[in-house]
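Participant: The structure is given below, and queries will be raised subsequently.
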Amino acid sequence: MAIDKKDVELILQAVGGKENIEAATHCVTRLRFSLYDESKVDEAALESNELVKGHFSTQGQFQVIIGPGIVDQVYDEMMKITGGERVSKDELKNIASKKQNPLQRAVKALADIFIPILPAIVTAGLLLGINNILTGPGIFFAGQSLVQVYPEWKDFASIINTIASTAFTFLPALIGWSAVTRFGGSPLLGIVLGLILVHPDLLSGYGYADAKTNGTVPVWNLFGWEVEKIGYQGQVLPVLVSAYILAKIEAFMNKRVADGLKLLIVAPVTLLITGFLAFTVIGPITFAIGNAITSGLVYIFGLAPALGGLIYGGLYALLVITGMHHTFLAVDVQLIASRGGTFLWPMLALSNIAQGAAALGMMFVFKQKKSKGLAVTSSVSAFLGVTEPAMFGVNIRSKFPFIFGMIGSAIAGVLLSVNGVLASSVGVGGIPGFLSIYPNQWGVFFLGMAIVLIIPFTATLLYGKWTNRKTPDHADNGTPSEPEAAEHSGATAEHGHAAVSESADNPEAVLEIRSPLSGKAVELAEVPDPAFSSGAMGQGIAVEPAEGRITAPFDGVVAHVIKSKHAVMLEHASGVQILIHVGINTVALKGRGYTVHVQEGDVVKAGQLLLEFDHERIRAAGFLMITPVILAGGQERIERVEEMPLGEVRGSQDIILKVHLKD
């Protein structure tokens with residue numbers, strides 16, 4: 001597809017001109033800018049540009065969604081016009097991060113550290129929830145737990161508890177691995193550092209308070225200097241600071257030690273120095289700081305629980321938008337370790353549900369079927385603890401459902417905080433969050449759940465219907481009505497099953513797209529990237545992979561292979577193009593973990609191997625592997641799209657989309 005230079009010039013003007021661009025790069029779907037002043041962006045001009053499918057700002061970057069294949073041409077033309085220097089995505093990320101204040105950089109660092117280990121923590125929380133059900137008194141029998149009434153279940157519960165508590169017991173090892181990796185050191189040394197801090201010879205951090213009271217804390221005597229011999233189970237700050245020091249010492253040593261001696265010198269010296277500092281200086285100081293933070297929070301919520309619940313419960317959704325919610329994961333873990341439970345996590349779980357209820361209300365407000373489908377799927381995702389599709393795809397775009405979600409969450413936060421509801425672990429947010437709550441507090445928690453289901457849903461529905469009566473032609477917050485959208489796009493853009501058109505009676509008029517990989521097919525709205533979940537890139541589906549193989553979904557030609565190997569685009573003889581994008585933000589891997597078996601221009605058959613990827617390696621690097629499969633080109637040939645049933649798919653054996661073509 002040829003692009004018009006004028007459209008590119010208009011994009012430049014809309015972002016404030018070349019003098020407002022500090023740096024620019026692109027990935028497979030979008031332009032990425034680091035702008036000097038984002039307030040100069042003319043959003044209306046961008047939205048009216050034929051090349052632009054959407055835009056948003058995140059982590060100091062302003063991103064303009066263009067589409068695969070075309071984005072390369074737009075970027076090349078833009079560089080010709082501006083004479084700017086080409087930069088990589090990592091370089092742009094570093095440039096953008098410099099504009100962030102120290103707090104924003106710290107929050108981003110915490111997010112980078114905790115996101116990779118979040119699956120282990122959530123899994124442990126769910127298993128501890130099951131253990132709570134088995135061992136909690138009064139759930140099934142008055143005053144007694146299930147294991148007390150049926151002792152044969154006692155050891156079964158004990159095994160579950162052992163499996164579940166492992167991630168929390170050895171949390172410093174998980175944090176050490178992720179933090180040292182984030183700071184540029186050796187992940188293996190990070191794991192060893194974390195294990196050092198919870199060595200069995202040390203007094204467990206969980207027993208420190210009692211030992212301190214009884215005067216039985218063991219010590220090392222270093223030439224008259226007594227150092228407490230304690231572990232840091234459940235602690236966050238000691239291992240975070242130690243990991244940073246370790247990474248810097250290792251980098252310093254690597255630059256100055258000959259390659260032949262590195263194995264004998266770098267790792268031993270790095271661990272020895274960091275270990276001594278951890279036990280003598282870093283540990284005691286950060287341990288005191290961590291306890292002061294948790295004590296301060298406990299004091300504030302104890303002094304004015306209603307106000308604390310109102311603020312945290314109401315504003316948590318805003319924290320998600322800024323990314324600051326990751327900071328509180330560390331606080332939750334610290335509270336669980338030092339206080340036996342966290343009062344923050346229950347409010348998080350209800351905030352998820354509140355945003356989901358507001359998005360569900362929008363299903364009855366929207367008039368377009370595509371928008372209704374997005375509202376339903378994103379609300380289900382929020383009810384299960386993942387709010388980004390609901391917040392970014394529905395609520396924030398319409399504004400009022402986001403606000404009503406915050407109001408419902410604030411009211412529920414007051415209820416939980418006043419009644420001292422605690423979570424014994426960090427688990428899945430949303431409705432399954434009750435598993436993390438102490439069973440004797442389920443009644444209050446379920447009452448709070450009713451509040452966040454009823455208030456945001458009802459308020460969104462009533463206000464949305466009232467707004468629709470005032471502006472009936474713009475019921476989807478400025479989105480054209482269905483006939484108008486069809487006129488502009490050349491397609492009905494309907495999701496889900498629909499009656500087959502007359503042209504579909506001819507088998508050649510239906511393009512059957514088979515799944516390019518095995519796994520679980522889910523709605524596009526579940527992809528945690530607004531470029532895909534909002535539908536800006538086009539219609540499609542997503543697959544959570546079960547194996548690392550991508551095969552051709554139909555006979556066609558390889559139209560484009562991304563340099564970083566994480567995405568490929570095929571073109572059918574009809575002109576319809578499909579983008580297969582393996583993982584989210586995996587462009588940052590620069591091809592590591594991917595092997596491409598085709599090149600641009602190759603003719604391929606359905607089921608032919610296109611690329612392979614190391615599933616575990618990429619996931620271990622902290623990237624989500626959910627894979628969008630998008631109809632990214634040839635829209636003028638599409639009559640409508642029929643989405644097949646979601647669920648398990650067996651690669652090329654199963655059809656995921658039927659594209660009904662125009663005559």
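Numbering starts fresh at 1 for the residues of each chain in the structure tokens, the chains themselves are lettered A, B, ... in the order given, and ligands are numbered from 1 as they appear.
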Would you list the contacts of A:Glu544 as a VMD selection string, taking every protein, DNA or RNA residue within 12 Å and counting only C-alpha atoms, but skipping same-chain residues closer than 6 positions in sequence?

Facilitator: chain A and resid 515 to 524 526 to 527 581 to 584 615 619 624 to 629 646 to 651

Participant: Set the distance at 12 Å and use only C-alpha atoms: which residues neighbour A:Lys563 once local chain neighbours fewer than 2 positions away are removed? I'd like the list as a JSON list (two decimals) with N, CA, C and O atoms, in the first residue's frame.

Facilitator:
```
[["chain", "number", "residue", "atom", "x", "y", "z"],
["A", 26, "HIS", "N", 9.77, 2.90, 15.81],
["A", 26, "HIS", "CA", 8.51, 2.21, 15.52],
["A", 26, "HIS", "C", 8.68, 0.73, 15.83],
["A", 26, "HIS", "O", 9.79, 0.20, 15.91],
["A", 27, "CYS", "N", 7.55, 0.06, 16.04],
["A", 27, "CYS", "CA", 7.53, -1.38, 16.16],
["A", 27, "CYS", "C", 6.65, -1.92, 15.04],
["A", 27, "CYS", "O", 6.44, -1.24, 14.04],
["A", 28, "VAL", "N", 6.12, -3.09, 15.21],
["A", 28, "VAL", "CA", 5.38, -3.71, 14.11],
["A", 28, "VAL", "C", 4.04, -3.03, 13.84],
["A", 28, "VAL", "O", 3.50, -3.12, 12.74],
["A", 69, "GLY", "N", 3.34, -3.32, 8.35],
["A", 69, "GLY", "CA", 3.68, -3.08, 6.95],
["A", 69, "GLY", "C", 3.70, -1.60, 6.64],
["A", 69, "GLY", "O", 4.71, -1.04, 6.22],
["A", 72, "ASP", "N", 6.19, 0.87, 8.69],
["A", 72, "ASP", "CA", 7.58, 0.98, 8.23],
["A", 72, "ASP", "C", 7.71, 2.13, 7.23],
["A", 72, "ASP", "O", 8.64, 2.94, 7.30],
["A", 88, "SER", "N", 16.56, 2.83, 18.34],
["A", 88, "SER", "CA", 15.90, 1.57, 18.64],
["A", 88, "SER", "C", 14.83, 1.79, 19.69],
["A", 88, "SER", "O", 14.75, 2.85, 20.32],
["A", 560, "HIS", "N", 5.48, -9.87, 5.12],
["A", 560, "HIS", "CA", 6.40, -9.09, 5.96],
["A", 560, "HIS", "C", 6.87, -9.96, 7.12],
["A", 560, "HIS", "O", 6.09, -10.68, 7.73],
["A", 561, "VAL", "N", 8.17, -9.92, 7.41],
["A", 561, "VAL", "CA", 8.74, -10.56, 8.59],
["A", 561, "VAL", "C", 9.43, -9.47, 9.39],
["A", 561, "VAL", "O", 10.32, -8.78, 8.88],
["A", 565, "LYS", "N", 11.80, -10.65, 14.63],
["A", 565, "LYS", "CA", 11.35, -12.04, 14.46],
["A", 565, "LYS", "C", 10.10, -12.42, 15.25],
["A", 565, "LYS", "O", 9.67, -13.57, 15.20],
["A", 566, "HIS", "N", 9.51, -11.48, 15.97],
["A", 566, "HIS", "CA", 8.39, -11.84, 16.83],
["A", 566, "HIS", "C", 7.03, -11.72, 16.15],
["A", 566, "HIS", "O", 6.01, -12.00, 16.76],
["A", 567, "ALA", "N", 7.02, -11.30, 14.90],
["A", 567, "ALA", "CA", 5.75, -11.15, 14.19],
["A", 567, "ALA", "C", 5.95, -11.39, 12.70],
["A", 567, "ALA", "O", 7.03, -11.12, 12.15],
["A", 568, "VAL", "N", 4.90, -11.90, 12.07],
["A", 568, "VAL", "CA", 4.94, -12.17, 10.64],
["A", 568, "VAL", "C", 3.57, -11.84, 10.06],
["A", 568, "VAL", "O", 2.55, -11.98, 10.73],
["A", 586, "THR", "N", 7.32, -7.95, 22.92],
["A", 586, "THR", "CA", 8.45, -8.85, 22.72],
["A", 586, "THR", "C", 9.46, -8.32, 21.72],
["A", 586, "THR", "O", 10.51, -8.93, 21.52],
["A", 587, "VAL", "N", 9.15, -7.19, 21.09],
["A", 587, "VAL", "CA", 10.14, -6.55, 20.22],
["A", 587, "VAL", "C", 11.41, -6.23, 21.01],
["A", 587, "VAL", "O", 12.51, -6.18, 20.45],
["A", 588, "ALA", "N", 11.26, -6.04, 22.32],
["A", 588, "ALA", "CA", 12.41, -5.70, 23.17],
["A", 588, "ALA", "C", 13.44, -6.82, 23.23],
["A", 588, "ALA", "O", 14.60, -6.59, 23.58],
["A", 589, "LEU", "N", 13.04, -8.05, 22.89],
["A", 589, "LEU", "CA", 13.97, -9.18, 22.93],
["A", 589, "LEU", "C", 14.94, -9.17, 21.75],
["A", 589, "LEU", "O", 15.92, -9.90, 21.75],
["A", 590, "LYS", "N", 14.64, -8.36, 20.73],
["A", 590, "LYS", "CA", 15.50, -8.23, 19.55],
["A", 590, "LYS", "C", 15.79, -9.57, 18.88],
["A", 590, "LYS", "O", 16.90, -9.84, 18.42],
["A", 591, "GLY", "N", 14.78, -10.42, 18.87],
["A", 591, "GLY", "CA", 14.91, -11.70, 18.18],
["A", 591, "GLY", "C", 15.39, -12.84, 19.04],
["A", 591, "GLY", "O", 15.37, -14.01, 18.59],
["A", 592, "ARG", "N", 15.82, -12.57, 20.26],
["A", 592, "ARG", "CA", 16.29, -13.65, 21.13],
["A", 592, "ARG", "C", 15.12, -14.55, 21.51],
["A", 592, "ARG", "O", 14.09, -14.08, 21.97],
["A", 594, "TYR", "N", 13.59, -16.49, 19.26],
["A", 594, "TYR", "CA", 12.78, -16.71, 18.06],
["A", 594, "TYR", "C", 13.64, -17.26, 16.92],
["A", 594, "TYR", "O", 14.80, -16.86, 16.75],
["A", 595, "THR", "N", 13.06, -18.16, 16.15],
["A", 595, "THR", "CA", 13.71, -18.70, 14.95],
["A", 595, "THR", "C", 12.71, -18.62, 13.80],
["A", 595, "THR", "O", 11.64, -19.24, 13.85],
["A", 596, "VAL", "N", 13.04, -17.85, 12.77],
["A", 596, "VAL", "CA", 12.15, -17.67, 11.63],
["A", 596, "VAL", "C", 12.53, -18.65, 10.53],
["A", 596, "VAL", "O", 13.72, -18.81, 10.21],
["A", 599, "GLN", "N", 10.94, -16.15, 4.71],
["A", 599, "GLN", "CA", 11.33, -14.77, 4.46],
["A", 599, "GLN", "C", 10.31, -14.12, 3.54],
["A", 599, "GLN", "O", 9.47, -14.81, 2.94],
["A", 600, "GLU", "N", 10.37, -12.81, 3.46],
["A", 600, "GLU", "CA", 9.40, -12.08, 2.66],
["A", 600, "GLU", "C", 9.40, -12.56, 1.21],
["A", 600, "GLU", "O", 10.46, -12.78, 0.62]]
```

Participant: Mind checking which residues fall within 10 Å of A:Gly430, counting only C-alpha atoms, ignoring those fewer than 5 positions away in the same chain, and posting them as a PDB file with all heavy atoms, in the first residue's frame?

Facilitator:
```pdb
ATOM      1  N   PRO A 346      -7.600  -6.666  49.644  1.00  0.00           N
ATOM      2  CA  PRO A 346      -9.052  -6.799  49.472  1.00  0.00           C
ATOM      3  C   PRO A 346      -9.670  -5.632  48.702  1.00  0.00           C
ATOM      4  O   PRO A 346     -10.591  -5.827  47.898  1.00  0.00           O
ATOM      5  CB  PRO A 346      -9.567  -6.849  50.916  1.00  0.00           C
ATOM      6  CG  PRO A 346      -8.422  -7.398  51.706  1.00  0.00           C
ATOM      7  CD  PRO A 346      -7.205  -6.816  51.064  1.00  0.00           C
ATOM      8  N   MET A 347      -9.170  -4.415  48.931  1.00  0.00           N
ATOM      9  CA  MET A 347      -9.704  -3.262  48.207  1.00  0.00           C
ATOM     10  C   MET A 347      -9.315  -3.308  46.732  1.00  0.00           C
ATOM     11  O   MET A 347     -10.076  -2.876  45.858  1.00  0.00           O
ATOM     12  CB  MET A 347      -9.214  -1.960  48.863  1.00  0.00           C
ATOM     13  CG  MET A 347      -9.876  -1.694  50.206  1.00  0.00           C
ATOM     14  SD  MET A 347      -9.379  -0.115  50.958  1.00  0.00           S
ATOM     15  CE  MET A 347      -7.856  -0.590  51.760  1.00  0.00           C
ATOM     16  N   LEU A 348      -8.126  -3.831  46.443  1.00  0.00           N
ATOM     17  CA  LEU A 348      -7.708  -4.018  45.053  1.00  0.00           C
ATOM     18  C   LEU A 348      -8.664  -4.949  44.330  1.00  0.00           C
ATOM     19  O   LEU A 348      -9.108  -4.676  43.205  1.00  0.00           O
ATOM     20  CB  LEU A 348      -6.282  -4.581  45.019  1.00  0.00           C
ATOM     21  CG  LEU A 348      -5.667  -5.018  43.695  1.00  0.00           C
ATOM     22  CD1 LEU A 348      -4.143  -4.947  43.786  1.00  0.00           C
ATOM     23  CD2 LEU A 348      -6.049  -6.449  43.309  1.00  0.00           C
ATOM     24  N   ALA A 349      -8.984  -6.075  44.968  1.00  0.00           N
ATOM     25  CA  ALA A 349      -9.865  -7.060  44.342  1.00  0.00           C
ATOM     26  C   ALA A 349     -11.224  -6.447  44.008  1.00  0.00           C
ATOM     27  O   ALA A 349     -11.786  -6.695  42.930  1.00  0.00           O
ATOM     28  CB  ALA A 349     -10.037  -8.273  45.269  1.00  0.00           C
ATOM     29  N   LEU A 350     -11.751  -5.636  44.915  1.00  0.00           N
ATOM     30  CA  LEU A 350     -13.060  -5.027  44.671  1.00  0.00           C
ATOM     31  C   LEU A 350     -12.984  -3.908  43.635  1.00  0.00           C
ATOM     32  O   LEU A 350     -13.949  -3.662  42.904  1.00  0.00           O
ATOM     33  CB  LEU A 350     -13.651  -4.496  45.978  1.00  0.00           C
ATOM     34  CG  LEU A 350     -14.021  -5.569  47.011  1.00  0.00           C
ATOM     35  CD1 LEU A 350     -14.834  -4.957  48.142  1.00  0.00           C
ATOM     36  CD2 LEU A 350     -14.785  -6.727  46.383  1.00  0.00           C
ATOM     37  N   SER A 351     -11.845  -3.230  43.543  1.00  0.00           N
ATOM     38  CA  SER A 351     -11.669  -2.217  42.499  1.00  0.00           C
ATOM     39  C   SER A 351     -11.724  -2.864  41.116  1.00  0.00           C
ATOM     40  O   SER A 351     -12.296  -2.304  40.172  1.00  0.00           O
ATOM     41  CB  SER A 351     -10.341  -1.475  42.693  1.00  0.00           C
ATOM     42  OG  SER A 351     -10.129  -0.541  41.655  1.00  0.00           O
ATOM     43  N   ASN A 352     -11.127  -4.056  40.982  1.00  0.00           N
ATOM     44  CA  ASN A 352     -11.206  -4.810  39.726  1.00  0.00           C
ATOM     45  C   ASN A 352     -12.657  -5.064  39.340  1.00  0.00           C
ATOM     46  O   ASN A 352     -13.074  -4.847  38.192  1.00  0.00           O
ATOM     47  CB  ASN A 352     -10.487  -6.159  39.861  1.00  0.00           C
ATOM     48  CG  ASN A 352      -8.997  -6.045  40.068  1.00  0.00           C
ATOM     49  OD1 ASN A 352      -8.382  -6.945  40.619  1.00  0.00           O
ATOM     50  ND2 ASN A 352      -8.391  -4.950  39.640  1.00  0.00           N
ATOM     51  N   ILE A 353     -13.427  -5.536  40.313  1.00  0.00           N
ATOM     52  CA  ILE A 353     -14.827  -5.876  40.046  1.00  0.00           C
ATOM     53  C   ILE A 353     -15.623  -4.621  39.685  1.00  0.00           C
ATOM     54  O   ILE A 353     -16.490  -4.652  38.804  1.00  0.00           O
ATOM     55  CB  ILE A 353     -15.452  -6.581  41.269  1.00  0.00           C
ATOM     56  CG1 ILE A 353     -14.694  -7.879  41.576  1.00  0.00           C
ATOM     57  CG2 ILE A 353     -16.929  -6.874  41.037  1.00  0.00           C
ATOM     58  CD1 ILE A 353     -15.124  -8.548  42.867  1.00  0.00           C
ATOM     59  N   ALA A 354     -15.335  -3.512  40.362  1.00  0.00           N
ATOM     60  CA  ALA A 354     -16.058  -2.262  40.099  1.00  0.00           C
ATOM     61  C   ALA A 354     -15.877  -1.810  38.654  1.00  0.00           C
ATOM     62  O   ALA A 354     -16.842  -1.419  37.984  1.00  0.00           O
ATOM     63  CB  ALA A 354     -15.582  -1.168  41.057  1.00  0.00           C
ATOM     64  N   GLN A 355     -14.640  -1.876  38.146  1.00  0.00           N
ATOM     65  CA  GLN A 355     -14.395  -1.487  36.754  1.00  0.00           C
ATOM     66  C   GLN A 355     -15.055  -2.476  35.794  1.00  0.00           C
ATOM     67  O   GLN A 355     -15.555  -2.089  34.729  1.00  0.00           O
ATOM     68  CB  GLN A 355     -12.891  -1.392  36.486  1.00  0.00           C
ATOM     69  CG  GLN A 355     -12.209  -0.242  37.207  1.00  0.00           C
ATOM     70  CD  GLN A 355     -12.734   1.118  36.795  1.00  0.00           C
ATOM     71  OE1 GLN A 355     -13.048   1.364  35.634  1.00  0.00           O
ATOM     72  NE2 GLN A 355     -12.847   2.034  37.757  1.00  0.00           N
ATOM     73  N   GLY A 356     -15.081  -3.749  36.167  1.00  0.00           N
ATOM     74  CA  GLY A 356     -15.760  -4.749  35.336  1.00  0.00           C
ATOM     75  C   GLY A 356     -17.262  -4.513  35.289  1.00  0.00           C
ATOM     76  O   GLY A 356     -17.893  -4.637  34.230  1.00  0.00           O
ATOM     77  N   VAL A 380     -15.669  -9.385  31.808  1.00  0.00           N
ATOM     78  CA  VAL A 380     -15.341 -10.721  32.320  1.00  0.00           C
ATOM     79  C   VAL A 380     -13.877 -10.771  32.742  1.00  0.00           C
ATOM     80  O   VAL A 380     -13.519 -11.319  33.790  1.00  0.00           O
ATOM     81  CB  VAL A 380     -15.640 -11.803  31.263  1.00  0.00           C
ATOM     82  CG1 VAL A 380     -15.112 -13.163  31.717  1.00  0.00           C
ATOM     83  CG2 VAL A 380     -17.139 -11.882  31.000  1.00  0.00           C
ATOM     84  N   SER A 381     -13.014 -10.175  31.911  1.00  0.00           N
ATOM     85  CA  SER A 381     -11.595 -10.120  32.246  1.00  0.00           C
ATOM     86  C   SER A 381     -11.372  -9.387  33.561  1.00  0.00           C
ATOM     87  O   SER A 381     -10.573  -9.821  34.406  1.00  0.00           O
ATOM     88  CB  SER A 381     -10.828  -9.428  31.112  1.00  0.00           C
ATOM     89  OG  SER A 381      -9.472  -9.257  31.450  1.00  0.00           O
ATOM     90  N   ALA A 382     -12.077  -8.279  33.773  1.00  0.00           N
ATOM     91  CA  ALA A 382     -11.940  -7.513  35.017  1.00  0.00           C
ATOM     92  C   ALA A 382     -12.459  -8.310  36.210  1.00  0.00           C
ATOM     93  O   ALA A 382     -11.870  -8.270  37.295  1.00  0.00           O
ATOM     94  CB  ALA A 382     -12.682  -6.182  34.904  1.00  0.00           C
ATOM     95  N   PHE A 383     -13.561  -9.023  36.032  1.00  0.00           N
ATOM     96  CA  PHE A 383     -14.101  -9.847  37.120  1.00  0.00           C
ATOM     97  C   PHE A 383     -13.095 -10.925  37.541  1.00  0.00           C
ATOM     98  O   PHE A 383     -13.125 -11.396  38.675  1.00  0.00           O
ATOM     99  CB  PHE A 383     -15.406 -10.515  36.696  1.00  0.00           C
ATOM    100  CG  PHE A 383     -16.557  -9.551  36.552  1.00  0.00           C
ATOM    101  CD1 PHE A 383     -17.594  -9.819  35.671  1.00  0.00           C
ATOM    102  CD2 PHE A 383     -16.603  -8.384  37.295  1.00  0.00           C
ATOM    103  CE1 PHE A 383     -18.648  -8.932  35.531  1.00  0.00           C
ATOM    104  CE2 PHE A 383     -17.659  -7.488  37.162  1.00  0.00           C
ATOM    105  CZ  PHE A 383     -18.685  -7.760  36.275  1.00  0.00           C
ATOM    106  N   LEU A 384     -12.195 -11.292  36.620  1.00  0.00           N
ATOM    107  CA  LEU A 384     -11.187 -12.305  36.924  1.00  0.00           C
ATOM    108  C   LEU A 384      -9.850 -11.681  37.309  1.00  0.00           C
ATOM    109  O   LEU A 384      -8.848 -12.383  37.423  1.00  0.00           O
ATOM    110  CB  LEU A 384     -11.010 -13.245  35.727  1.00  0.00           C
ATOM    111  CG  LEU A 384     -12.245 -14.082  35.376  1.00  0.00           C
ATOM    112  CD1 LEU A 384     -11.984 -14.936  34.150  1.00  0.00           C
ATOM    113  CD2 LEU A 384     -12.663 -14.964  36.555  1.00  0.00           C
ATOM    114  N   GLY A 385      -9.832 -10.346  37.471  1.00  0.00           N
ATOM    115  CA  GLY A 385      -8.649  -9.703  38.024  1.00  0.00           C
ATOM    116  C   GLY A 385      -7.789  -8.921  37.061  1.00  0.00           C
ATOM    117  O   GLY A 385      -6.813  -8.297  37.473  1.00  0.00           O
ATOM    118  N   VAL A 386      -8.098  -8.923  35.751  1.00  0.00           N
ATOM    119  CA  VAL A 386      -7.302  -8.179  34.772  1.00  0.00           C
ATOM    120  C   VAL A 386      -8.162  -7.026  34.259  1.00  0.00           C
ATOM    121  O   VAL A 386      -9.081  -7.231  33.456  1.00  0.00           O
ATOM    122  CB  VAL A 386      -6.845  -9.071  33.600  1.00  0.00           C
ATOM    123  CG1 VAL A 386      -6.016  -8.264  32.608  1.00  0.00           C
ATOM    124  CG2 VAL A 386      -6.045 -10.257  34.120  1.00  0.00           C
ATOM    125  N   THR A 387      -7.870  -5.806  34.709  1.00  0.00           N
ATOM    126  CA  THR A 387      -8.762  -4.675  34.438  1.00  0.00           C
ATOM    127  C   THR A 387      -8.381  -3.844  33.224  1.00  0.00           C
ATOM    128  O   THR A 387      -9.186  -3.036  32.763  1.00  0.00           O
ATOM    129  CB  THR A 387      -8.809  -3.724  35.646  1.00  0.00           C
ATOM    130  OG1 THR A 387      -7.470  -3.318  35.957  1.00  0.00           O
ATOM    131  CG2 THR A 387      -9.427  -4.391  36.845  1.00  0.00           C
ATOM    132  N   MET A 449     -18.440  -6.798  47.743  1.00  0.00           N
ATOM    133  CA  MET A 449     -18.529  -7.239  46.356  1.00  0.00           C
ATOM    134  C   MET A 449     -19.883  -6.863  45.758  1.00  0.00           C
ATOM    135  O   MET A 449     -19.963  -6.448  44.594  1.00  0.00           O
ATOM    136  CB  MET A 449     -18.315  -8.765  46.276  1.00  0.00           C
ATOM    137  CG  MET A 449     -18.144  -9.297  44.863  1.00  0.00           C
ATOM    138  SD  MET A 449     -17.940 -11.105  44.812  1.00  0.00           S
ATOM    139  CE  MET A 449     -16.353 -11.286  45.633  1.00  0.00           C
TER     140      MET A 449
END
```

Participant: What is the atom CA of A:Gln235-atom CA of A:Leu344 distance in Å, reported with one decimal?

Facilitator: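 Interatomic distance, atom CA of A:Gln235 to atom CA of A:Leu344: 17.0 Å.
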
Participant: When you count only C-alpha atoms, which of these residues is closest to A:Gly340: A:Leu422, A:Leu447, A:Leu127, A:Ala546?

Facilitator: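 Closest residue, counting only C-alpha atoms: A:Leu422.
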
Participant: Nearest to A:Gly16 among A:Gly548, A:Lys40, A:Phe33, A:Ile336, with distances taken over only C-alpha atoms: which residue is it?

Facilitator: A:Lys40

Participant: Tell me which of A:Ile411, A:Ile3, A:Val426, A:Leu202 sits closest to A:Ala164, counting only C-alpha atoms.

Facilitator: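 That would be A:Val426, the residue with the smallest distance to A:Ala164.
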
Participant: Hey, what's within 10 Å of stretch 207-216 of chain A if we count only C-alpha atoms and toss same-chain stuff fewer than 5 positions away? As a list of chain:residue names, please?

Facilitator: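 The neighbour list is A:Ile230, A:Gly231, A:Tyr232, A:Gln233, A:Ser338.
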
Participant: Just the residues within 9 Å of A:Ser424, please, counting only C-alpha atoms, with nothing from its chain fewer than 3 positions along; format it as an MDAnalysis selection string.

Facilitator: chainID A and resid 125 128:129 132 336 340:342 436:438

Participant: Which neighbours of A:Gln635 fall inside 7 Å, counting only C-alpha atoms, when residues of the same chain fewer than 2 positions from it are skipped, and could you give them as an NGL selection string?

Facilitator: :A and (490 or 576 or 633 or 637-638)

Participant: For a quick check of understanding, using only C-alpha atoms, which of A:Val239, A:Asn468, A:Gly420, A:Gly429 has the smallest distance to A:Pro305?

Facilitator: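 Smallest distance to A:Pro305 is found for A:Gly420.
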
Participant: Quick one: residues within 10 Å of A:Thr166, only C-alpha atoms, excluding same-chain residues fewer than 5 positions away - as an MDAnalysis selection string?

Facilitator: chainID A and resid 120:121 124 161 171

Participant: Any idea what the distance is between atom CA of A:Gly448 and atom CA of A:Leu329?

Facilitator: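 According to the coordinates, atom CA of A:Gly448 and atom CA of A:Leu329 are separated by 21.3 Å.
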